[in-house]
Every structure is written in structure tokens, then in C-alpha cells.
There are 2 protein chains.
Amino acid sequence: LSPQRELDVVVLGSALVDVIASATDDQIAALGLRKGGMTLVGEQEAERIYAAMGPAVEVSGGSAVNTAVGVCSMGGRAACVARVADDTLGRVFAHDVRAAGVGFDHRPSPPPPATGRCLVMVSPDAERTMCTYLGAASRLGPEDVDPQVVSKAAVLYAEGYLWDMEPAKRAMEEAAAVARRSGAKVALSLSDPFCVERHRRELLGLVGRQVDLLFANEEEAKLLFGTDELAGALSRLEDLVEAFAVTRGPAGSVVSSPAGPLEVPAAPAAQVVDTTGAGDLYAAGFLFGYVRALAPEHCARLGALAASEVISHLGARPRQPLAQLARRAGLVPA
Amino acid sequence: LSPQRELDVVVLGSALVDVIASATDDQIAALGLRKGGMTLVGEQEAERIYAAMGPAVEVSGGSAVNTAVGVCSMGGRAACVARVADDTLGRVFAHDVRAAGVGFDHRPSPPPPATGRCLVMVSPDAERTMCTYLGAASRLGPEDVDPQVVSKAAVLYAEGYLWDMEPAKRAMEEAAAVARRSGAKVALSLSDPFCVERHRRELLGLVGRQVDLLFANEEEAKLLFGTDELAGALSRLEDLVEAFAVTRGPAGSVVSSPAGPLEVPAAPAAQVVDTTGAGDLYAAGFLFGYVRALAPEHCARLGALAASEVISHLGARPRQPLAQLARRAGLVPA
């Protein structure tokens, strides 16, 4: 790991604007959606669901991009590789990511397809159900990967969602090759249980061959190895990757360490309003520590802190500077 | 007052999407803005300020339209007369207002001008500073007033901001004439101290001639009569209008009553995050009670309750059903 690089992390992911509304479990069921999951939809289907949704709030999102924003909010340096269209939501996305300090060197293409959006329905229990219209994000390809940017980063981080798109997978292969040559680490988030089910074999191959650091939640980790037992999945992960962090919601996370898997508690949240982005921000905090060669438990605590901030309000981008929260919590020097 | 009408309130106002970001007082000063005020800007100036703003959240807004949404959230019936363009923000605005149950029968025109937006900078003390690019909202005119819709309402409610635009003033005159003929009451909100300064003479004339119910904050009420003393302003208001409600932030409000001005405390807020919309939602709660011929103090308490909800989060639209909060507070029957 090279902590002296110009960038801590470069992320590869989908550029999405989140459209967030409250919904009851009945409304989610009536729309035919799986509560807690992410469903890919076409533009017409997205319009149908949007029309049925309540009053909404728009916040820039995208799983891996949220992580890049979180790294910058921690005081780190990040850039993102993602695609938007030259339209209103594309300008909103670019403004928000750059205003957060994330490098985003991208020339948007004229629509169609329009900038992607993620319709997020938040249940009274703060669980989120998502429908994603990828739009311009689905055009992410190898030509978007600038080797100069990727080779500046200590870690290349990708979201598992990319495996839903053929050209994005090739973009990831390209970026991983650059990362390898430059001596950077490769990190992957499994993103979503259904995404793991769709691409289990490919993701498993990638984890074994290319991934140094894996992020997953408990369900995704178990699905990856087709097991019902977390212990079994963790043991397989120990064989396959250099480091991992498996999140378990309010139960905290389990991270790899020289002494074996280590359980680290969640950070207390003032209130739990919307769990969107909890995993993305956990990864941000963890990566910030990882790049600085902090101990696994320390990385996990930074991840937990970042996640606790983002679940306390609507949207998957931090509203308070995470660096300040981390200082107050004594997790980084004052 | 005719409580049996199809609509409680029809509002006339600017259709805006709020673009909300945190900002320090120094940042607001560096942009040359007056903290706590609303500045009208052109499209280029709006772009310049947006570029300097931090990561933002987009929420539909517009002062009088927020009031209409609040009336529906209280369980009432409202419609709005407002103009958007046929563009992304226009569709967002129309979705949100209709999803909130507000009638909005409007055929958007192709841009330019684009749908209006209000750049909202929220200071650490929860005060908001606004820059408005009116865009399509500035085209509101008499032809947008459907006499059939206006004559269905018990109250016609307009925002003072309309006095910044010549055709919108004529729309208000037209709508007020329809309201008069149908026996509806006419309500006006003074909107903003600077707006009162800009149009003091005209607004004063209107209040004396056309307005039954006036909403203002303390500063606006004093400015309208060119006095430093609230008591003097209230006494003038008693002569000019049938009813008034003057809000005083955390100090509550003063409302007219048969026994003279009545002080009513503010409702406790769980947290104060963003005061945007406090006055708009106060008016919504008050109007809901007013249309139902509730006592002035009861109306003021409904207003205070609605305001306390909207200042507890970002954005000027309620996130929790106000009817439910009002039932819990014992202000409407369970």
C-alpha cells in the first residue's frame, strides 16, 4: 500500500441521482418491488413508479460515488469514474460530487439516454427499497478509464453493480490492470444480494483473482459462497482475499485481522431515518483508515462512524464533515 | 367564510425547486448576499452562486405552494396556480405538488425560461439565505387564473413575492376579483422584509382594499407601517384587516381576536435544522383552522405545530403527515 499517492481512492461506479420518498410496506408490495432490494428498471417503468411515489427529495447518489464523497468528507482524497448525460440531473450530479471535493473529469454525452436515477422508497422502519434506471450510467466503458488518474490512487474501488453491465465490467478489468501495474490495491463491494445471485460465479472468480479488499454485508457474503453460515463464508474469504469487512447492520461488522475475524460494534446513531448509503459510507470510513495503514479494528470503527452519520438523515451523502465527527470520537488526531 | 366549498384554499405563487446546501456566514458574505433575506437573481448569477455552493439537496418549494401542500398534509383540500417549464425540474415540481394532493392543472411551456429555482443556503444556526431565479415562474399572469378553480375555494392565498412581477400582480387582481364575487376570503403573506420595502406603498394599499387575512412576520409587519414598534403595527392592522397572524420565530405568534391581539407560543421542535418554510407552514396550519372557523388561538396553535415540523429537517415541505401530528397534539379530533 502506498499512502503517499496523490489520491487515496479512485472509484468506478454508476452515477445516479437518488429520488427519495417515504412509502409504506403495502405501497412497496403494490408496486411489485422486493423490500430492501435494488431492481433495475427501464425508463418507462421508472416513470410509472415515480408517478406512484409520494413527494420526493433529490440527492446525488450512486453507491461507489457515495463512497468517494465519504472519503473526501473524512479528509481524504478521491476521484470517481462515472457517466452522466448533459442534462439537468447530470449537472446536479457533477456539481454535488465536485462540491464534495471528489475529482470528476468527465465530458457528459447528450441525452438520450438521460442521467441515471435511483428511485428510493424509505419504509417507516428506515429500510430502503430501490429501483434504478441506469440511463447514461449504463454506458460506462473502458474508454472512461484514464490510466493517469487510476495510477495516482492507492486503492481502486468498484461496486458489484457494475457486473450488471458488459462494458462496465470491461472498464473494471481495464482499471484493475492499471491498478496492478501501479502497485495499487483493488477493492470491491458486493453491493446487493440480488446482484450477487445474478453474477455469483463471475464475482467469485474476480474475488479470487483480482480483489485485495472485499466489502459485503452478511447476506451477500453468505450468498457468494452459497452457505447459510457466516463463519464458513468468513473462512473462505480469509483464504481468498488479503482483507475484508462484512457489515451486519445494527450488529456492527466483522473484519479480517492477523488474529482472525474480529467483531466490531456499530456506532450509535442519534436517529435512524434512512439506511440508504450505510454500506457505502462504511466503506468510505474503512478505506480512509486502510490507506493510512491503520489497524483493522480502527478502520472498522471509522466505517461504523461514517455509516452512523448517513443513516441519521435522508440521502446517502454525509451532511456533516466526517473528519470533524471522527476527531470528536477520538478516531483521528485532533 | 364558506367551509363547505370544494377547496379550502387556492394559492397563487411562484413554482420553485429549492436547491439546499449548508453554508457558513462567511461564505454567504463572500457571495455578497444578505443573510436571512431573499435576493432575486438572473440565470447567470444563479449559476455563479450554485457553482460556489456545497453539495446540495433538491426539494420542491415556492412559498405559497408550500402552504398549499401544508393544507393538504393537515387533511385539507388545496390547489395551486403557478408556472413551470416543460423540463426536468418542472416535472419534479409537478410530481411533488400532485403527490402531496394539491390540485395543479397547468400546461407547462417549453423552456426557455427554465423552471425557477431557489438556491437556499442554510447557516449553522438554521437560518436560511435565499437566491431566487424565477425563470418560468416569472411568466405567471392573468391567463393562468381559472375562475372555475378560484371560485371553488373558501380562501384565495397569495404570496407578497408576486409583487416583484407585473403580470403576476395582474393575476392576483384577477383572482381577487373572482374570489370577491364568489364570496371567498382573500389572504396575503408579506413573504420577505425586502419585498415589503420594495413594494410598501402598493402592498399597504392592497391590504387596506382587498385583504381579509394577513400573514407577516414581526419585521415585515413593522416595515409595512414604517414603525419600530410591534404594538403600533398591530393596532394599524386591526383597523385594516378582518384577521391577522404575525409570527415571531421562537417567540410564537400574535393573532387578532375579538379581545384584541393574542400571543400564542411556538410549538416545541425536536431540533431546528432549517427554518426554510416556517412561515409558509404556519400559514398552512392557520388557514386549515380558519376555514373551519376555529378560534384564533386554535388556528395559531395549528400554525405553530406545522411550522415546528418543517424546521426540524431540510426543505420547506412537511415530511410527516401534519394531520397525524395535529391529532397527537389534541388540536384536531382523533
# chains A, B, ... in the order shown; residues from 1 in each chain; ligands from 1
>>> select_by_dssp(residues="region 58-233 of chain B", states="strand (DSSP E or B)", output="PyMOL selection string")
chain B and resi 58-61+78-81+85+103+109+116-122+128-133+153-159+185-189+213-217
>>> closest_atom_pairs(of="chain A", to="chain B", cutoff="6 Å", atoms="only C-alpha atoms", output="tab-separated table")
residue	atom	partner	partner_atom	distance
A:Gly54	CA	B:Ala99	CA	5.0
A:Pro55	CA	B:Asp96	CA	4.3
A:Val57	CA	B:Val59	CA	5.0
A:Glu58	CA	B:Glu58	CA	4.8
A:Val59	CA	B:Val57	CA	5.0
A:Asp96	CA	B:Pro55	CA	4.3
A:Ala99	CA	B:Gly54	CA	5.0
A:Ala100	CA	B:Pro55	CA	5.9
>>> residues_around(residues="Gly285 (chain A)", least_positions_apart="5", cutoff="6 Å", atoms="only C-alpha atoms", output="list in words")
Leu302, Gly303 and Ala306 of chain A
>>> select_by_dssp(residues="region 49-123 of chain A", states="alpha helix (DSSP H)", output="list in words")
Ile49, Tyr50, Ala51, Ala52, Ser63, Ala64, Val65, Asn66, Thr67, Ala68, Val69, Gly70, Val71, Cys72, Ser73, Thr88, Leu89, Gly90, Arg91, Val92, Phe93, Ala94, His95, Asp96, Val97, Arg98 and Ala99 of chain A
>>> write_last_selection(atoms="N, CA and C atoms", output="mmCIF file, in the first residue's frame")
data_model
loop_
_atom_site.group_PDB
_atom_site.id
_atom_site.type_symbol
_atom_site.label_atom_id
_atom_site.label_comp_id
_atom_site.auth_asym_id
_atom_site.auth_seq_id
_atom_site.Cartn_x
_atom_site.Cartn_y
_atom_site.Cartn_z
ATOM 1 N N ILE A 49 -43.271 4.074 -11.777
ATOM 2 C CA ILE A 49 -43.053 4.003 -10.329
ATOM 3 C C ILE A 49 -42.971 5.412 -9.731
ATOM 4 N N TYR A 50 -42.285 6.307 -10.429
ATOM 5 C CA TYR A 50 -42.177 7.695 -9.951
ATOM 6 C C TYR A 50 -43.567 8.306 -9.785
ATOM 7 N N ALA A 51 -44.440 8.049 -10.769
ATOM 8 C CA ALA A 51 -45.793 8.622 -10.713
ATOM 9 C C ALA A 51 -46.551 8.119 -9.488
ATOM 10 N N ALA A 52 -46.229 6.904 -9.039
ATOM 11 C CA ALA A 52 -46.933 6.324 -7.885
ATOM 12 C C ALA A 52 -46.294 6.734 -6.560
ATOM 13 N N SER A 63 -23.715 4.196 -5.589
ATOM 14 C CA SER A 63 -23.054 3.513 -4.471
ATOM 15 C C SER A 63 -21.571 3.851 -4.313
ATOM 16 N N ALA A 64 -20.766 3.550 -5.331
ATOM 17 C CA ALA A 64 -19.323 3.778 -5.201
ATOM 18 C C ALA A 64 -19.007 5.273 -5.133
ATOM 19 N N VAL A 65 -19.814 6.093 -5.804
ATOM 20 C CA VAL A 65 -19.576 7.537 -5.771
ATOM 21 C C VAL A 65 -19.845 8.077 -4.362
ATOM 22 N N ASN A 66 -20.874 7.550 -3.700
ATOM 23 C CA ASN A 66 -21.101 7.923 -2.300
ATOM 24 C C ASN A 66 -19.859 7.625 -1.461
ATOM 25 N N THR A 67 -19.221 6.509 -1.760
ATOM 26 C CA THR A 67 -18.011 6.133 -1.016
ATOM 27 C C THR A 67 -16.899 7.161 -1.258
ATOM 28 N N ALA A 68 -16.739 7.577 -2.511
ATOM 29 C CA ALA A 68 -15.713 8.582 -2.821
ATOM 30 C C ALA A 68 -15.993 9.885 -2.067
ATOM 31 N N VAL A 69 -17.269 10.294 -2.027
ATOM 32 C CA VAL A 69 -17.642 11.512 -1.297
ATOM 33 C C VAL A 69 -17.316 11.337 0.188
ATOM 34 N N GLY A 70 -17.590 10.153 0.705
ATOM 35 C CA GLY A 70 -17.307 9.881 2.116
ATOM 36 C C GLY A 70 -15.822 9.960 2.432
ATOM 37 N N VAL A 71 -14.989 9.451 1.530
ATOM 38 C CA VAL A 71 -13.534 9.512 1.727
ATOM 39 C C VAL A 71 -13.085 10.972 1.819
ATOM 40 N N CYS A 72 -13.616 11.820 0.938
ATOM 41 C CA CYS A 72 -13.250 13.246 0.976
ATOM 42 C C CYS A 72 -13.769 13.903 2.250
ATOM 43 N N SER A 73 -14.972 13.524 2.669
ATOM 44 C CA SER A 73 -15.542 14.106 3.882
ATOM 45 C C SER A 73 -14.721 13.721 5.116
ATOM 46 N N THR A 88 -30.092 18.219 -16.888
ATOM 47 C CA THR A 88 -30.206 18.852 -15.558
ATOM 48 C C THR A 88 -29.681 17.942 -14.454
ATOM 49 N N LEU A 89 -30.116 16.676 -14.454
ATOM 50 C CA LEU A 89 -29.667 15.789 -13.381
ATOM 51 C C LEU A 89 -28.166 15.513 -13.481
ATOM 52 N N GLY A 90 -27.635 15.503 -14.691
ATOM 53 C CA GLY A 90 -26.195 15.317 -14.879
ATOM 54 C C GLY A 90 -25.417 16.487 -14.290
ATOM 55 N N ARG A 91 -25.950 17.698 -14.478
ATOM 56 C CA ARG A 91 -25.284 18.873 -13.908
ATOM 57 C C ARG A 91 -25.398 18.875 -12.381
ATOM 58 N N VAL A 92 -26.541 18.430 -11.879
ATOM 59 C CA VAL A 92 -26.722 18.317 -10.427
ATOM 60 C C VAL A 92 -25.703 17.312 -9.861
ATOM 61 N N PHE A 93 -25.593 16.165 -10.516
ATOM 62 C CA PHE A 93 -24.661 15.134 -10.059
ATOM 63 C C PHE A 93 -23.227 15.668 -10.049
ATOM 64 N N ALA A 94 -22.820 16.296 -11.157
ATOM 65 C CA ALA A 94 -21.438 16.785 -11.269
ATOM 66 C C ALA A 94 -21.172 17.882 -10.242
ATOM 67 N N HIS A 95 -22.134 18.769 -10.056
ATOM 68 C CA HIS A 95 -21.967 19.824 -9.043
ATOM 69 C C HIS A 95 -21.727 19.222 -7.670
ATOM 70 N N ASP A 96 -22.592 18.267 -7.302
ATOM 71 C CA ASP A 96 -22.533 17.739 -5.942
ATOM 72 C C ASP A 96 -21.240 16.965 -5.685
ATOM 73 N N VAL A 97 -20.813 16.196 -6.672
ATOM 74 C CA VAL A 97 -19.617 15.379 -6.468
ATOM 75 C C VAL A 97 -18.380 16.279 -6.388
ATOM 76 N N ARG A 98 -18.328 17.287 -7.246
ATOM 77 C CA ARG A 98 -17.170 18.207 -7.216
ATOM 78 C C ARG A 98 -17.212 19.093 -5.977
ATOM 79 N N ALA A 99 -18.412 19.548 -5.592
ATOM 80 C CA ALA A 99 -18.527 20.398 -4.398
ATOM 81 C C ALA A 99 -18.103 19.626 -3.154
#
>>> closest_atom_pairs(of="region 157-235 of chain B", to="region 37-46 of chain B", cutoff="8 Å", atoms="only C-alpha atoms", output="JSON lines")
{"residue": "B:Asp192", "atom": "CA", "partner": "B:Gly37", "partner_atom": "CA", "distance": 7.0}
{"residue": "B:Pro193", "atom": "CA", "partner": "B:Gly37", "partner_atom": "CA", "distance": 7.6}
{"residue": "B:Phe194", "atom": "CA", "partner": "B:Gly37", "partner_atom": "CA", "distance": 7.2}
>>> atom_distance(atom1="CA of Ala266 (chain B)", atom2="CA of Leu287 (chain B)")
16.5 Å
>>> residues_around(residues="Leu234 (chain B)", least_positions_apart="4", cutoff="8 Å", atoms="only C-alpha atoms", output="PyMOL selection string")
chain B and resi 221+230+238+261
>>> decode(residues="region 163-286 of chain A", atoms="C-alpha atoms", output="mmCIF file, in the first residue's frame")
data_model
loop_
_atom_site.group_PDB
_atom_site.id
_atom_site.type_symbol
_atom_site.label_atom_id
_atom_site.label_comp_id
_atom_site.auth_asym_id
_atom_site.auth_seq_id
_atom_site.Cartn_x
_atom_site.Cartn_y
_atom_site.Cartn_z
ATOM 1 C CA TRP A 163 -21.439 -6.601 -13.178
ATOM 2 C CA ASP A 164 -24.930 -5.850 -14.475
ATOM 3 C CA MET A 165 -23.368 -4.117 -17.496
ATOM 4 C CA GLU A 166 -20.972 -5.680 -20.003
ATOM 5 C CA PRO A 167 -18.962 -2.529 -20.919
ATOM 6 C CA ALA A 168 -18.633 -1.532 -17.248
ATOM 7 C CA LYS A 169 -17.126 -4.926 -16.451
ATOM 8 C CA ARG A 170 -14.530 -4.302 -19.143
ATOM 9 C CA ALA A 171 -13.917 -0.846 -17.660
ATOM 10 C CA MET A 172 -13.231 -2.559 -14.355
ATOM 11 C CA GLU A 173 -10.859 -5.087 -15.943
ATOM 12 C CA GLU A 174 -9.006 -2.253 -17.603
ATOM 13 C CA ALA A 175 -8.813 -0.223 -14.396
ATOM 14 C CA ALA A 176 -7.748 -3.264 -12.347
ATOM 15 C CA ALA A 177 -4.902 -3.924 -14.777
ATOM 16 C CA VAL A 178 -3.714 -0.328 -14.396
ATOM 17 C CA ALA A 179 -4.031 -0.584 -10.613
ATOM 18 C CA ARG A 180 -1.989 -3.798 -10.584
ATOM 19 C CA ARG A 181 0.788 -2.240 -12.675
ATOM 20 C CA SER A 182 0.943 0.818 -10.437
ATOM 21 C CA GLY A 183 1.003 -1.256 -7.274
ATOM 22 C CA ALA A 184 -2.431 -0.115 -6.096
ATOM 23 C CA LYS A 185 -4.821 -2.317 -4.156
ATOM 24 C CA VAL A 186 -8.139 -3.412 -5.676
ATOM 25 C CA ALA A 187 -11.273 -3.229 -3.536
ATOM 26 C CA LEU A 188 -14.763 -4.458 -4.403
ATOM 27 C CA SER A 189 -18.158 -4.034 -2.756
ATOM 28 C CA LEU A 190 -20.701 -6.772 -3.418
ATOM 29 C CA SER A 191 -23.437 -4.075 -3.468
ATOM 30 C CA ASP A 192 -26.650 -6.117 -3.269
ATOM 31 C CA PRO A 193 -27.722 -9.720 -2.551
ATOM 32 C CA PHE A 194 -29.633 -9.971 -5.821
ATOM 33 C CA CYS A 195 -26.616 -8.675 -7.707
ATOM 34 C CA VAL A 196 -24.543 -11.421 -6.069
ATOM 35 C CA GLU A 197 -27.151 -14.013 -7.084
ATOM 36 C CA ARG A 198 -27.116 -12.759 -10.682
ATOM 37 C CA HIS A 199 -23.323 -12.857 -11.033
ATOM 38 C CA ARG A 200 -22.155 -15.240 -8.343
ATOM 39 C CA ARG A 201 -19.732 -17.250 -10.438
ATOM 40 C CA GLU A 202 -18.111 -14.242 -12.075
ATOM 41 C CA LEU A 203 -17.839 -12.296 -8.834
ATOM 42 C CA LEU A 204 -16.340 -15.297 -7.058
ATOM 43 C CA GLY A 205 -13.734 -15.634 -9.807
ATOM 44 C CA LEU A 206 -12.931 -11.938 -9.598
ATOM 45 C CA VAL A 207 -12.621 -12.027 -5.813
ATOM 46 C CA GLY A 208 -10.144 -14.893 -6.059
ATOM 47 C CA ARG A 209 -8.066 -13.410 -8.867
ATOM 48 C CA GLN A 210 -8.171 -9.638 -8.564
ATOM 49 C CA VAL A 211 -9.541 -8.409 -5.253
ATOM 50 C CA ASP A 212 -7.354 -7.446 -2.292
ATOM 51 C CA LEU A 213 -10.075 -5.956 -0.091
ATOM 52 C CA LEU A 214 -13.701 -7.087 -0.133
ATOM 53 C CA PHE A 215 -16.745 -5.284 1.312
ATOM 54 C CA ALA A 216 -20.037 -7.146 1.713
ATOM 55 C CA ASN A 217 -22.949 -7.369 4.058
ATOM 56 C CA GLU A 218 -23.646 -10.627 5.835
ATOM 57 C CA GLU A 219 -26.251 -11.819 3.353
ATOM 58 C CA GLU A 220 -24.062 -11.048 0.341
ATOM 59 C CA ALA A 221 -21.055 -12.805 1.878
ATOM 60 C CA LYS A 222 -23.087 -15.933 2.554
ATOM 61 C CA LEU A 223 -24.642 -15.890 -0.926
ATOM 62 C CA LEU A 224 -21.231 -15.565 -2.563
ATOM 63 C CA PHE A 225 -20.189 -18.902 -1.112
ATOM 64 C CA GLY A 226 -23.636 -20.492 -1.163
ATOM 65 C CA THR A 227 -23.604 -21.062 2.574
ATOM 66 C CA ASP A 228 -26.027 -20.296 5.403
ATOM 67 C CA GLU A 229 -23.274 -19.823 7.935
ATOM 68 C CA LEU A 230 -21.345 -16.610 8.259
ATOM 69 C CA ALA A 231 -18.366 -18.406 9.856
ATOM 70 C CA GLY A 232 -17.981 -20.563 6.757
ATOM 71 C CA ALA A 233 -18.129 -17.552 4.450
ATOM 72 C CA LEU A 234 -15.565 -15.676 6.540
ATOM 73 C CA SER A 235 -13.210 -18.635 6.487
ATOM 74 C CA ARG A 236 -13.449 -18.828 2.679
ATOM 75 C CA LEU A 237 -12.840 -15.081 2.475
ATOM 76 C CA GLU A 238 -9.716 -15.413 4.612
ATOM 77 C CA ASP A 239 -8.316 -17.792 2.003
ATOM 78 C CA LEU A 240 -9.245 -15.625 -0.972
ATOM 79 C CA VAL A 241 -8.512 -12.009 -0.073
ATOM 80 C CA GLU A 242 -5.962 -10.036 1.873
ATOM 81 C CA ALA A 243 -8.607 -8.128 3.840
ATOM 82 C CA PHE A 244 -12.368 -7.995 4.197
ATOM 83 C CA ALA A 245 -15.110 -6.148 6.049
ATOM 84 C CA VAL A 246 -18.522 -7.755 6.398
ATOM 85 C CA THR A 247 -21.251 -5.438 7.709
ATOM 86 C CA ARG A 248 -24.164 -6.648 9.825
ATOM 87 C CA GLY A 249 -26.392 -3.572 10.222
ATOM 88 C CA PRO A 250 -27.019 -2.692 13.867
ATOM 89 C CA ALA A 251 -24.851 -5.686 14.892
ATOM 90 C CA GLY A 252 -21.730 -3.948 13.596
ATOM 91 C CA SER A 253 -19.147 -5.564 11.329
ATOM 92 C CA VAL A 254 -16.661 -8.412 11.160
ATOM 93 C CA VAL A 255 -13.259 -7.578 9.711
ATOM 94 C CA SER A 256 -10.197 -9.625 8.915
ATOM 95 C CA SER A 257 -7.187 -9.308 11.185
ATOM 96 C CA PRO A 258 -3.927 -11.194 11.719
ATOM 97 C CA ALA A 259 -5.633 -12.929 14.680
ATOM 98 C CA GLY A 260 -8.663 -13.971 12.612
ATOM 99 C CA PRO A 261 -12.104 -12.384 12.111
ATOM 100 C CA LEU A 262 -12.738 -9.541 14.530
ATOM 101 C CA GLU A 263 -16.177 -8.291 15.575
ATOM 102 C CA VAL A 264 -16.525 -4.514 15.873
ATOM 103 C CA PRO A 265 -19.743 -2.893 17.158
ATOM 104 C CA ALA A 266 -21.827 -0.371 15.204
ATOM 105 C CA ALA A 267 -21.560 3.293 16.198
ATOM 106 C CA PRO A 268 -24.568 4.755 17.992
ATOM 107 C CA ALA A 269 -26.825 6.799 15.699
ATOM 108 C CA ALA A 270 -28.818 9.761 17.037
ATOM 109 C CA GLN A 271 -31.762 8.535 14.961
ATOM 110 C CA VAL A 272 -32.215 6.068 12.108
ATOM 111 C CA VAL A 273 -34.113 7.795 9.309
ATOM 112 C CA ASP A 274 -32.932 6.162 6.074
ATOM 113 C CA THR A 275 -30.404 3.351 5.775
ATOM 114 C CA THR A 276 -29.554 4.250 2.149
ATOM 115 C CA GLY A 277 -25.791 4.554 1.841
ATOM 116 C CA ALA A 278 -24.926 2.831 5.124
ATOM 117 C CA GLY A 279 -22.688 0.302 3.348
ATOM 118 C CA ASP A 280 -21.224 2.923 1.015
ATOM 119 C CA LEU A 281 -20.207 5.165 3.889
ATOM 120 C CA TYR A 282 -18.931 2.264 5.987
ATOM 121 C CA ALA A 283 -16.601 1.519 3.058
ATOM 122 C CA ALA A 284 -15.542 5.183 2.952
ATOM 123 C CA GLY A 285 -14.518 5.260 6.598
ATOM 124 C CA PHE A 286 -12.818 1.875 6.362
#
